[in-house]
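Printed here is model36.cif (mmCIF, C-alpha atoms (C1' of nucleotides)):
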```cif
data_run
loop_
_atom_site.label_atom_id
_atom_site.label_comp_id
_atom_site.auth_asym_id
_atom_site.auth_seq_id
_atom_site.Cartn_x
_atom_site.Cartn_y
_atom_site.Cartn_z
CA MET S 976 10.89 -9.55 11.38
CA PHE S 977 8.98 -8.78 14.54
CA PHE S 978 9.35 -11.17 17.42
CA LEU S 979 7.95 -9.39 20.44
CA LYS S 980 6.50 -12.42 22.19
CA VAL S 981 4.02 -10.84 24.53
CA LEU S 982 2.27 -8.02 22.75
CA PRO S 983 1.35 -5.02 24.83
CA THR S 984 -2.22 -4.98 26.02
CA THR S 985 -4.61 -2.50 24.50
CA LYS S 986 -4.52 -0.65 27.80
CA MET S 987 -0.77 -0.27 27.63
CA VAL S 988 -0.92 1.01 24.09
CA GLU S 989 -3.60 3.45 25.14
CA GLY S 990 -1.29 4.57 27.93
CA TYR S 991 1.29 5.50 25.34
CA SER S 992 -1.06 6.62 22.62
CA ASP S 993 -3.16 8.90 24.77
CA ARG S 994 -0.19 11.21 24.65
CA TYR S 995 -0.21 11.34 20.87
CA SER S 996 -3.10 12.75 18.92
CA GLY S 997 -5.02 10.74 16.39
CA VAL S 998 -3.66 7.30 17.18
CA ASP S 999 -6.19 4.51 17.49
CA ALA S 1000 -4.94 1.91 19.99
CA GLU S 1001 -7.05 -0.80 18.34
CA LYS S 1002 -5.39 -0.23 15.00
CA VAL S 1003 -1.96 -0.24 16.59
CA MET S 1004 -2.74 -3.57 18.24
CA GLU S 1005 -3.96 -4.95 14.95
CA ALA S 1006 -0.73 -3.93 13.22
CA LEU S 1007 1.38 -5.49 15.97
CA GLY S 1008 -0.61 -8.71 15.74
CA LEU S 1009 -0.23 -8.70 11.97
CA MET S 1010 3.55 -8.47 12.21
CA ARG S 1011 3.75 -11.05 14.96
CA ARG S 1012 1.64 -13.63 13.15
CA ALA S 1013 3.41 -13.08 9.86
CA SER S 1014 6.84 -13.34 11.50
CA LEU S 1015 5.94 -16.67 13.07
CA LEU S 1016 4.54 -17.93 9.79
CA ILE S 1017 7.63 -16.86 7.87
CA ARG S 1018 9.82 -18.55 10.45
CA GLU S 1019 7.78 -21.74 10.07
CA LEU S 1020 8.00 -21.60 6.29
CA GLU S 1021 11.76 -21.03 6.33
CA ALA S 1022 12.16 -24.08 8.55
CA TYR S 1023 9.99 -26.07 6.16
CA PHE S 1024 12.01 -25.01 3.13
CA ALA S 1025 15.31 -25.62 4.90
CA GLY S 1026 14.21 -29.24 5.09
CA HIS S 1027 13.96 -29.21 1.29
CA ASP S 1028 17.34 -27.48 0.81
CA LEU S 1029 15.51 -24.31 -0.18
CA SER S 1030 14.53 -20.99 1.28
CA GLN S 1031 11.25 -19.20 0.84
CA LEU S 1032 12.86 -16.84 -1.64
CA ARG S 1033 14.38 -19.61 -3.72
CA PHE S 1034 11.04 -21.37 -3.72
CA LEU S 1035 9.26 -18.23 -4.87
CA VAL S 1036 11.68 -17.89 -7.77
CA LEU S 1037 10.67 -21.35 -8.90
CA VAL S 1038 6.99 -20.45 -8.52
CA ILE S 1039 7.41 -17.24 -10.48
CA ILE S 1040 9.04 -18.97 -13.43
CA ASP S 1041 6.54 -21.79 -13.31
CA ARG S 1042 3.51 -19.58 -13.26
CA GLU S 1043 4.25 -18.01 -16.63
CA PRO S 1044 3.67 -21.05 -18.80
CA GLU S 1045 3.60 -19.02 -21.99
CA ARG S 1046 7.21 -18.02 -21.32
CA ALA S 1047 10.00 -20.58 -21.51
CA SER S 1048 12.21 -18.35 -19.39
CA LEU S 1049 12.29 -15.05 -17.54
CA THR S 1050 15.17 -12.61 -17.19
CA ALA S 1051 16.74 -12.00 -13.82
CA GLY S 1052 15.35 -8.48 -13.88
CA GLU S 1053 11.81 -9.68 -14.45
CA ILE S 1054 12.18 -11.99 -11.49
CA ALA S 1055 13.50 -9.15 -9.35
CA ASP S 1056 10.50 -7.03 -10.37
CA ARG S 1057 7.98 -9.67 -9.46
CA LEU S 1058 9.69 -10.32 -6.15
CA ASP S 1059 10.30 -6.76 -5.04
CA VAL S 1060 13.74 -7.63 -3.73
CA SER S 1061 17.00 -5.93 -4.59
CA LYS S 1062 19.01 -7.07 -7.59
CA PRO S 1063 21.99 -8.36 -5.61
CA VAL S 1064 19.67 -10.68 -3.74
CA VAL S 1065 18.42 -12.01 -7.07
CA THR S 1066 21.97 -12.51 -8.30
CA ARG S 1067 22.88 -14.50 -5.22
CA THR S 1068 19.66 -16.50 -5.26
CA MET S 1069 20.11 -17.38 -8.93
CA ARG S 1070 23.60 -18.61 -8.27
CA ALA S 1071 22.37 -20.86 -5.45
CA LEU S 1072 19.55 -22.26 -7.60
CA GLU S 1073 21.87 -22.81 -10.52
CA GLU S 1074 24.42 -24.59 -8.34
CA ALA S 1075 21.60 -26.81 -7.10
CA ALA S 1076 20.73 -27.47 -10.78
CA LEU S 1077 17.16 -26.28 -10.24
CA ILE S 1078 17.34 -23.57 -12.88
CA ASP S 1079 19.16 -23.17 -16.14
CA VAL S 1080 20.70 -19.77 -16.83
CA SER S 1081 21.76 -18.65 -20.28
CA SER S 1082 22.62 -15.41 -22.00
CA SER S 1083 19.89 -13.73 -23.95
CA SER S 1084 20.37 -13.66 -27.69
CA ARG S 1085 18.52 -10.35 -27.96
CA ASP S 1086 20.33 -8.57 -25.11
CA ALA S 1087 23.82 -9.64 -24.14
CA ARG S 1088 23.37 -8.04 -20.71
CA SER S 1089 20.37 -10.17 -19.82
CA ARG S 1090 20.30 -13.65 -18.40
CA GLU S 1091 17.45 -15.95 -19.27
CA VAL S 1092 16.35 -18.21 -16.45
CA ALA S 1093 14.37 -21.41 -16.96
CA LEU S 1094 13.34 -24.23 -14.67
CA THR S 1095 15.16 -27.50 -15.10
CA ARG S 1096 13.36 -30.78 -14.76
CA ALA S 1097 14.81 -31.06 -11.26
CA GLY S 1098 13.53 -27.56 -10.53
CA GLN S 1099 10.01 -28.50 -11.58
CA GLU S 1100 10.17 -31.60 -9.45
CA LYS S 1101 11.48 -29.67 -6.45
CA LEU S 1102 8.64 -27.20 -6.86
CA GLU S 1103 6.05 -29.96 -7.03
CA ALA S 1104 7.59 -31.65 -4.01
CA CYS S 1105 7.32 -28.47 -1.93
CA LEU S 1106 3.87 -27.29 -2.93
CA PRO S 1107 1.70 -29.63 -0.84
CA GLY S 1108 3.50 -28.87 2.41
CA TYR S 1109 3.62 -25.17 1.56
CA PHE S 1110 -0.13 -24.96 1.03
CA ALA S 1111 -0.77 -27.05 4.11
CA ILE S 1112 1.18 -24.59 6.24
CA LEU S 1113 -0.55 -21.58 4.71
CA ASP S 1114 -3.93 -23.22 5.08
CA ARG S 1115 -3.36 -23.86 8.76
CA ALA S 1116 -1.74 -20.49 9.37
CA THR S 1117 -4.76 -18.24 9.38
CA SER S 1118 -7.17 -20.61 11.06
CA PRO S 1119 -6.22 -21.18 14.70
CA GLU S 1120 -5.29 -17.77 16.02
CA GLY S 1121 -8.19 -15.78 14.56
CA ALA S 1122 -7.76 -12.22 13.26
CA MET E 963 10.39 -11.73 4.84
CA PHE E 964 8.00 -12.26 1.97
CA PHE E 965 8.22 -9.92 -0.96
CA LEU E 966 6.24 -11.51 -3.76
CA LYS E 967 4.91 -8.35 -5.33
CA VAL E 968 1.95 -9.65 -7.29
CA LEU E 969 0.21 -12.30 -5.29
CA PRO E 970 -1.27 -15.18 -7.19
CA THR E 971 -4.95 -14.85 -7.91
CA THR E 972 -7.35 -17.10 -6.07
CA LYS E 973 -7.88 -18.92 -9.34
CA MET E 974 -4.21 -19.68 -9.65
CA VAL E 975 -4.02 -20.96 -6.11
CA GLU E 976 -7.07 -23.11 -6.79
CA GLY E 977 -5.26 -24.44 -9.83
CA TYR E 978 -2.48 -25.63 -7.59
CA SER E 979 -4.53 -26.53 -4.57
CA ASP E 980 -7.12 -28.57 -6.42
CA ARG E 981 -4.40 -31.15 -6.68
CA TYR E 982 -3.93 -31.30 -2.91
CA SER E 983 -6.65 -32.42 -0.59
CA GLY E 984 -8.05 -30.28 2.14
CA VAL E 985 -6.47 -26.98 1.15
CA ASP E 986 -8.70 -23.93 1.15
CA ALA E 987 -7.55 -21.47 -1.51
CA GLU E 988 -9.13 -18.57 0.37
CA LYS E 989 -7.11 -19.32 3.47
CA VAL E 990 -3.94 -19.65 1.45
CA MET E 991 -4.59 -16.26 -0.13
CA GLU E 992 -5.22 -14.78 3.29
CA ALA E 993 -1.92 -16.13 4.59
CA LEU E 994 -0.04 -14.78 1.57
CA GLY E 995 -1.64 -11.38 2.04
CA LEU E 996 -0.78 -11.44 5.73
CA MET E 997 2.89 -12.04 4.99
CA ARG E 998 2.99 -9.47 2.23
CA ARG E 999 1.40 -6.71 4.29
CA ALA E 1000 3.52 -7.48 7.32
CA SER E 1001 6.72 -7.54 5.26
CA LEU E 1002 5.96 -4.13 3.78
CA LEU E 1003 5.12 -2.76 7.21
CA ILE E 1004 8.32 -4.15 8.71
CA ARG E 1005 10.31 -2.66 5.85
CA GLU E 1006 8.67 0.72 6.47
CA LEU E 1007 9.38 0.53 10.20
CA GLU E 1008 13.02 -0.41 9.66
CA ALA E 1009 13.42 2.59 7.38
CA TYR E 1010 11.81 4.78 10.03
CA PHE E 1011 14.10 3.49 12.77
CA ALA E 1012 17.17 3.76 10.57
CA GLY E 1013 16.43 7.49 10.52
CA HIS E 1014 16.68 7.45 14.31
CA ASP E 1015 19.92 5.39 14.35
CA LEU E 1016 17.92 2.42 15.59
CA SER E 1017 16.41 -0.79 14.29
CA GLN E 1018 13.06 -2.24 15.17
CA LEU E 1019 14.75 -4.77 17.42
CA ARG E 1020 16.82 -2.19 19.27
CA PHE E 1021 13.68 -0.09 19.71
CA LEU E 1022 11.77 -3.06 21.10
CA VAL E 1023 14.51 -3.66 23.66
CA LEU E 1024 14.01 -0.11 24.89
CA VAL E 1025 10.24 -0.64 25.01
CA ILE E 1026 10.58 -3.89 26.92
CA ILE E 1027 12.76 -2.37 29.60
CA ASP E 1028 10.58 0.72 29.82
CA ARG E 1029 7.35 -1.17 30.18
CA GLU E 1030 8.38 -2.84 33.43
CA PRO E 1031 8.41 0.24 35.64
CA GLU E 1032 8.57 -1.80 38.84
CA ARG E 1033 11.93 -3.16 37.68
CA ALA E 1034 14.96 -0.93 37.49
CA SER E 1035 16.63 -3.36 35.10
CA LEU E 1036 16.13 -6.64 33.27
CA THR E 1037 18.66 -9.35 32.56
CA ALA E 1038 19.70 -10.08 29.00
CA GLY E 1039 17.98 -13.46 29.26
CA GLU E 1040 14.68 -11.90 30.30
CA ILE E 1041 14.88 -9.61 27.30
CA ALA E 1042 15.61 -12.57 25.02
CA ASP E 1043 12.56 -14.36 26.44
CA ARG E 1044 10.24 -11.46 25.88
CA LEU E 1045 11.55 -10.96 22.36
CA ASP E 1046 11.63 -14.56 21.22
CA VAL E 1047 14.94 -14.05 19.46
CA SER E 1048 18.09 -16.08 19.93
CA LYS E 1049 20.59 -15.17 22.61
CA PRO E 1050 23.39 -14.19 20.22
CA VAL E 1051 21.09 -11.62 18.66
CA VAL E 1052 20.45 -10.18 22.11
CA THR E 1053 24.17 -10.05 22.84
CA ARG E 1054 24.86 -8.15 19.66
CA THR E 1055 21.89 -5.83 20.12
CA MET E 1056 22.91 -5.03 23.68
CA ARG E 1057 26.39 -4.15 22.55
CA ALA E 1058 25.02 -1.76 19.93
CA LEU E 1059 22.67 -0.11 22.41
CA GLU E 1060 25.41 0.18 25.00
CA GLU E 1061 27.82 1.73 22.48
CA ALA E 1062 25.09 4.22 21.63
CA ALA E 1063 24.78 4.93 25.37
CA LEU E 1064 21.07 4.11 25.33
CA ILE E 1065 21.35 1.38 27.94
CA ASP E 1066 23.52 0.78 30.94
CA VAL E 1067 24.80 -2.77 31.44
CA SER E 1068 26.18 -4.03 34.73
CA SER E 1069 26.94 -7.35 36.34
CA SER E 1070 24.33 -8.78 38.62
CA SER E 1071 25.28 -8.93 42.28
CA ARG E 1072 23.18 -12.06 42.77
CA ASP E 1073 24.44 -13.99 39.73
CA ALA E 1074 27.85 -13.27 38.26
CA ARG E 1075 26.77 -14.77 34.93
CA SER E 1076 23.91 -12.32 34.47
CA ARG E 1077 24.00 -8.84 33.07
CA GLU E 1078 21.54 -6.27 34.29
CA VAL E 1079 20.30 -3.89 31.63
CA ALA E 1080 18.74 -0.51 32.40
CA LEU E 1081 17.70 2.43 30.24
CA THR E 1082 19.89 5.49 30.40
CA ARG E 1083 18.41 8.95 30.30
CA ALA E 1084 19.40 9.10 26.63
CA GLY E 1085 17.67 5.74 26.10
CA GLN E 1086 14.44 7.03 27.60
CA GLU E 1087 14.62 10.13 25.46
CA LYS E 1088 15.31 8.11 22.32
CA LEU E 1089 12.31 5.94 23.10
CA GLU E 1090 10.09 8.94 23.62
CA ALA E 1091 11.36 10.48 20.41
CA CYS E 1092 10.49 7.37 18.40
CA LEU E 1093 7.10 6.54 19.86
CA PRO E 1094 4.91 9.11 18.06
CA GLY E 1095 6.18 8.18 14.61
CA TYR E 1096 6.03 4.50 15.46
CA PHE E 1097 2.40 4.65 16.48
CA ALA E 1098 1.57 6.83 13.51
CA ILE E 1099 2.96 4.20 11.13
CA LEU E 1100 1.14 1.37 12.90
CA ASP E 1101 -2.08 3.35 12.99
CA ARG E 1102 -1.91 3.97 9.26
CA ALA E 1103 -0.76 0.46 8.45
CA THR E 1104 -3.95 -1.49 8.81
CA SER E 1105 -6.29 1.12 7.42
CA PRO E 1106 -5.73 1.65 3.71
CA GLU E 1107 -5.23 -1.81 2.26
CA GLY E 1108 -8.11 -3.60 3.99
CA ALA E 1109 -7.90 -7.22 5.10
"C1'" DG O 11 33.24 -30.72 49.51
"C1'" DT O 12 33.54 -32.50 44.97
"C1'" DA O 13 31.60 -34.06 40.60
"C1'" DA O 14 27.98 -33.71 37.30
"C1'" DT O 15 24.57 -30.96 35.28
"C1'" DA O 16 22.21 -26.75 34.09
"C1'" DT O 17 22.11 -21.89 32.98
"C1'" DA O 18 23.81 -17.02 31.27
"C1'" DG O 19 26.08 -15.14 27.96
"C1'" DT O 20 29.69 -14.86 24.16
"C1'" DT O 21 32.12 -16.16 19.99
"C1'" DA O 22 32.34 -17.96 15.37
"C1'" DG O 23 30.30 -18.64 11.25
"C1'" DC O 24 26.25 -19.03 8.01
"C1'" DA O 25 21.91 -17.17 5.44
"C1'" DT O 26 19.34 -13.51 3.56
"C1'" DG O 27 17.88 -8.78 3.47
"C1'" DA O 28 19.92 -4.03 2.10
"C1'" DT O 29 22.78 0.04 -0.53
"C1'" DA O 30 26.68 1.84 -3.17
"C1'" DA O 31 29.72 1.48 -6.63
"C1'" DC O 32 31.14 -1.00 -10.47
"C1'" DT O 33 31.22 -3.38 -15.53
"C1'" DA O 34 29.32 -4.10 -19.79
"C1'" DA O 35 25.92 -3.65 -23.21
"C1'" DA O 36 22.00 -1.03 -25.36
"C1'" DG O 37 19.84 2.99 -27.06
"C1'" DG O 38 19.45 7.93 -28.42
"C1'" DA O 39 21.29 12.67 -29.95
"C1'" DG O 40 24.07 14.94 -32.82
"C1'" DC G 140 29.87 6.94 -36.14
"C1'" DT G 141 30.74 8.76 -31.59
"C1'" DC G 142 29.33 10.36 -27.22
"C1'" DC G 143 26.06 10.29 -23.44
"C1'" DT G 144 22.63 8.16 -20.84
"C1'" DT G 145 20.15 4.22 -19.44
"C1'" DT G 146 19.71 -0.55 -18.26
"C1'" DA G 147 21.16 -5.50 -16.63
"C1'" DG G 148 23.67 -7.61 -13.68
"C1'" DT G 149 27.76 -8.27 -10.34
"C1'" DT G 150 30.83 -7.27 -6.57
"C1'" DA G 151 31.81 -5.51 -2.11
"C1'" DT G 152 30.20 -4.49 2.24
"C1'" DC G 153 26.92 -4.02 5.98
"C1'" DA G 154 22.78 -5.33 9.13
"C1'" DT G 155 20.15 -8.74 11.42
"C1'" DG G 156 18.30 -13.31 11.83
"C1'" DC G 157 20.01 -18.22 12.95
"C1'" DT G 158 22.64 -22.61 15.13
"C1'" DA G 159 26.66 -24.78 17.22
"C1'" DA G 160 30.15 -24.68 20.25
"C1'" DC G 161 32.40 -22.36 23.86
"C1'" DT G 162 33.40 -20.05 28.84
"C1'" DA G 163 32.12 -19.14 33.26
"C1'" DT G 164 29.12 -19.46 37.00
"C1'" DA G 165 25.41 -21.68 39.63
"C1'" DT G 166 23.05 -25.63 41.27
"C1'" DT G 167 22.23 -30.35 42.39
"C1'" DA G 168 23.67 -35.12 43.75
"C1'" DC G 169 26.35 -37.70 46.41
#
```

What does the file become when written as structure tokens?
Amino acid sequence: MFFLKVLPTTKMVEGYSDRYSGVDAEKVMEALGLMRRASLLIRELEAYFAGHDLSQLRFLVLVIIDREPERASLTAGEIADRLDVSKPVVTRTMRALEEAALIDVSSSSRDARSREVALTRAGQEKLEACLPGYFAILDRATSPEGA
Amino acid sequence: MFFLKVLPTTKMVEGYSDRYSGVDAEKVMEALGLMRRASLLIRELEAYFAGHDLSQLRFLVLVIIDREPERASLTAGEIADRLDVSKPVVTRTMRALEEAALIDVSSSSRDARSREVALTRAGQEKLEACLPGYFAILDRATSPEGA
DNA sequence: GTAATATAGTTAGCATGATAACTAAAGGAG
DNA sequence: CTCCTTTAGTTATCATGCTAACTATATTAC
């Protein structure tokens, strides 16, 4: 996360970057603004999901399973791949979702190491309940503060 | 952080968002892309700072103190304000920086509750050592993957 | 001057990200 | 078939974000 509240002015960045060759102060400012806006948005989304007894990550797991309708279930590893988070984080997240009865976890018949993860009815309902507010936040997010 | 590796296509978002009024799928996609790019950039920066025995937050504390040249020191609260992080995070970060001898912390003469924080010589040098690579990463960040 | 309130910072404890090291099962070489 | 390597997932531990509750000092009301 990146929570520097008052970004440096372009002038200040130029003051630093003049000393280093090949650095474009405009691009640096753009990257700082990118991180700042995304950090605020992520913070807002986490607060939103906390109100639904979820986190952004747990929500995304539900989305990922839901968006492969041709598959009844995904393995934990497939979920980790699609999320680009480490496996221990997936393990922990699965446990939380299972304890909340939002997913159903079972051993794979083909591979005893694998765990097959499917949405429960409650999981589908939780997902549906969160989607409108999620999209509303994302829709608003990029509008007010420009690029 | 937001690490969904393969973002939904605009079509998929439309599939969801058609069901909710007033949501612009393009804006939703833009917000998702914003979070994804920022998360990758933050991950890259944290890896960079880890190589300097720092974190992005600890680095930003050094920057914040350094960029107020008319002030010899800032209080912990002023740093928390500028960073927009919670006070306990500042407390912990200060302790780490002090243990690394990058800052000097002393009690305020005017207010016994306050702690005045100043860069040490080593702190200034650490900052200088990190700046070129930091700007190089930020400069690169917004170029390749477009908006 | 004393009591009530506000402010600066710390401590305790939780959530979510990470890596390293582990267990157990699968797959391949001979 | 047995050994070796790879793969799936877990456990243990750490880092960094948070809130709630605390201590100590400052400030304000009277």

Quick one: which residues end up in the PyMOL selection byres ((chain E and resi 1025) around 10) for this structure, as a PyMOL selection string? (chain S and resi 983) or (chain E and resi 1019-1024+1026-1030+1081+1085-1086+1089-1090+1093)

As a check of understanding, name the residues that the PyMOL selection byres ((chain S) within 12 of (chain O)) selects in the supplied structure, as an MDAnalysis selection string. chainID S and resid 976 1021 1025 1029:1033 1059:1065 1067:1068 1071 1083 1085:1089

Could the residues of chain S within 8 Å of chain E, counting only C-alpha atoms, be given as a VMD selection string, please? chain S and resid 976 to 981 992 995 998 to 1000 1002 to 1003 1005 to 1007 1009 to 1010 1013 to 1014 1016 to 1017 1031 to 1032 1035 1056 to 1060 1107 1110 to 1111 1113 to 1118

For the residues in that selection, give me C-alpha atoms as a compact mmCIF listing (two decimals), in the frame of the given file.
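Final file, result.txt:
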```txt
# COMPACT_ATOMS: atom_id res chain seq x y z
CA MET S 976 10.89 -9.55 11.38
CA PHE S 977 8.98 -8.78 14.54
CA PHE S 978 9.35 -11.17 17.42
CA LEU S 979 7.95 -9.39 20.44
CA LYS S 980 6.50 -12.42 22.19
CA VAL S 981 4.02 -10.84 24.53
CA SER S 992 -1.06 6.62 22.62
CA TYR S 995 -0.21 11.34 20.87
CA VAL S 998 -3.66 7.30 17.18
CA ASP S 999 -6.19 4.51 17.49
CA ALA S 1000 -4.94 1.91 19.99
CA LYS S 1002 -5.39 -0.23 15.00
CA VAL S 1003 -1.96 -0.24 16.59
CA GLU S 1005 -3.96 -4.95 14.95
CA ALA S 1006 -0.73 -3.93 13.22
CA LEU S 1007 1.38 -5.49 15.97
CA LEU S 1009 -0.23 -8.70 11.97
CA MET S 1010 3.55 -8.47 12.21
CA ALA S 1013 3.41 -13.08 9.86
CA SER S 1014 6.84 -13.34 11.50
CA LEU S 1016 4.54 -17.93 9.79
CA ILE S 1017 7.63 -16.86 7.87
CA GLN S 1031 11.25 -19.20 0.84
CA LEU S 1032 12.86 -16.84 -1.64
CA LEU S 1035 9.26 -18.23 -4.87
CA ASP S 1056 10.50 -7.03 -10.37
CA ARG S 1057 7.98 -9.67 -9.46
CA LEU S 1058 9.69 -10.32 -6.15
CA ASP S 1059 10.30 -6.76 -5.04
CA VAL S 1060 13.74 -7.63 -3.73
CA PRO S 1107 1.70 -29.63 -0.84
CA PHE S 1110 -0.13 -24.96 1.03
CA ALA S 1111 -0.77 -27.05 4.11
CA LEU S 1113 -0.55 -21.58 4.71
CA ASP S 1114 -3.93 -23.22 5.08
CA ARG S 1115 -3.36 -23.86 8.76
CA ALA S 1116 -1.74 -20.49 9.37
CA THR S 1117 -4.76 -18.24 9.38
CA SER S 1118 -7.17 -20.61 11.06
```

For a test of reading the model, state the distance in Å between CA of Ala1093 (chain S) and CA of Glu1073 (chain S), rounded to one decimal. 10.0 Å

Check which residues satisfy the PyMOL selection byres ((chain G) within 10 of (chain E)) in the file shown, then give them as a PyMOL selection string. chain G and resi 154-158+163-165

Go ahead and write the selection's residues with C-alpha atoms (C1' of nucleotides) as a CSV table (one decimal), in the frame of the given file.
```csv
chain,number,residue,atom,x,y,z
G,154,DA,C1',22.8,-5.3,9.1
G,155,DT,C1',20.2,-8.7,11.4
G,156,DG,C1',18.3,-13.3,11.8
G,157,DC,C1',20.0,-18.2,13.0
G,158,DT,C1',22.6,-22.6,15.1
G,163,DA,C1',32.1,-19.1,33.3
G,164,DT,C1',29.1,-19.5,37.0
G,165,DA,C1',25.4,-21.7,39.6
```

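For the pair CA of Leu1077 (chain S) and CA of Thr1050 (chain S), the separation is 15.5 Å.
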
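Of note, CA of Ala1097 (chain S) and CA of Leu1072 (chain S) are spaced 10.6 Å apart.
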
Can you complete the atoms of region 1077-1096 of chain S to N, CA and C atoms and list them as a compact mmCIF listing (two decimals), in the frame of the given file?
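The file below, selection-v1.txt, is the result:
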```txt
# COMPACT_ATOMS: atom_id res chain seq x y z
N LEU S 1077 18.61 -26.42 -10.18
CA LEU S 1077 17.16 -26.28 -10.24
C LEU S 1077 16.72 -25.31 -11.32
N ILE S 1078 17.63 -24.47 -11.76
CA ILE S 1078 17.34 -23.57 -12.88
C ILE S 1078 18.49 -23.66 -13.88
N ASP S 1079 18.16 -23.21 -15.08
CA ASP S 1079 19.16 -23.17 -16.14
C ASP S 1079 19.27 -21.71 -16.57
N VAL S 1080 20.48 -21.18 -16.52
CA VAL S 1080 20.70 -19.77 -16.83
C VAL S 1080 21.51 -19.67 -18.12
N SER S 1081 21.03 -18.82 -19.02
CA SER S 1081 21.76 -18.65 -20.28
C SER S 1081 21.69 -17.19 -20.70
N SER S 1082 22.61 -16.79 -21.51
CA SER S 1082 22.62 -15.41 -22.00
C SER S 1082 21.51 -15.22 -23.02
N SER S 1083 20.94 -14.04 -22.98
CA SER S 1083 19.89 -13.73 -23.95
C SER S 1083 20.52 -13.46 -25.31
N SER S 1084 19.86 -13.93 -26.34
CA SER S 1084 20.37 -13.66 -27.69
C SER S 1084 20.04 -12.23 -28.11
N ARG S 1085 18.94 -11.70 -27.58
CA ARG S 1085 18.52 -10.35 -27.96
C ARG S 1085 19.29 -9.27 -27.20
N ASP S 1086 19.69 -9.57 -25.96
CA ASP S 1086 20.33 -8.57 -25.11
C ASP S 1086 21.46 -9.24 -24.34
N ALA S 1087 22.67 -8.93 -24.72
CA ALA S 1087 23.82 -9.64 -24.14
C ALA S 1087 23.96 -9.35 -22.65
N ARG S 1088 23.28 -8.32 -22.14
CA ARG S 1088 23.37 -8.04 -20.71
C ARG S 1088 22.48 -8.97 -19.90
N SER S 1089 21.41 -9.43 -20.53
CA SER S 1089 20.37 -10.17 -19.82
C SER S 1089 20.72 -11.64 -19.65
N ARG S 1090 20.14 -12.21 -18.61
CA ARG S 1090 20.30 -13.65 -18.40
C ARG S 1090 18.91 -14.27 -18.37
N GLU S 1091 18.74 -15.27 -19.20
CA GLU S 1091 17.45 -15.95 -19.27
C GLU S 1091 17.46 -17.12 -18.29
N VAL S 1092 16.42 -17.21 -17.50
CA VAL S 1092 16.35 -18.21 -16.45
C VAL S 1092 15.17 -19.14 -16.71
N ALA S 1093 15.43 -20.41 -16.75
CA ALA S 1093 14.37 -21.41 -16.96
C ALA S 1093 14.48 -22.48 -15.90
N LEU S 1094 13.33 -23.10 -15.60
CA LEU S 1094 13.34 -24.23 -14.67
C LEU S 1094 13.95 -25.45 -15.36
N THR S 1095 14.75 -26.18 -14.62
CA THR S 1095 15.16 -27.50 -15.10
C THR S 1095 14.09 -28.51 -14.69
N ARG S 1096 14.25 -29.70 -15.20
CA ARG S 1096 13.36 -30.78 -14.76
C ARG S 1096 13.43 -30.94 -13.24
```
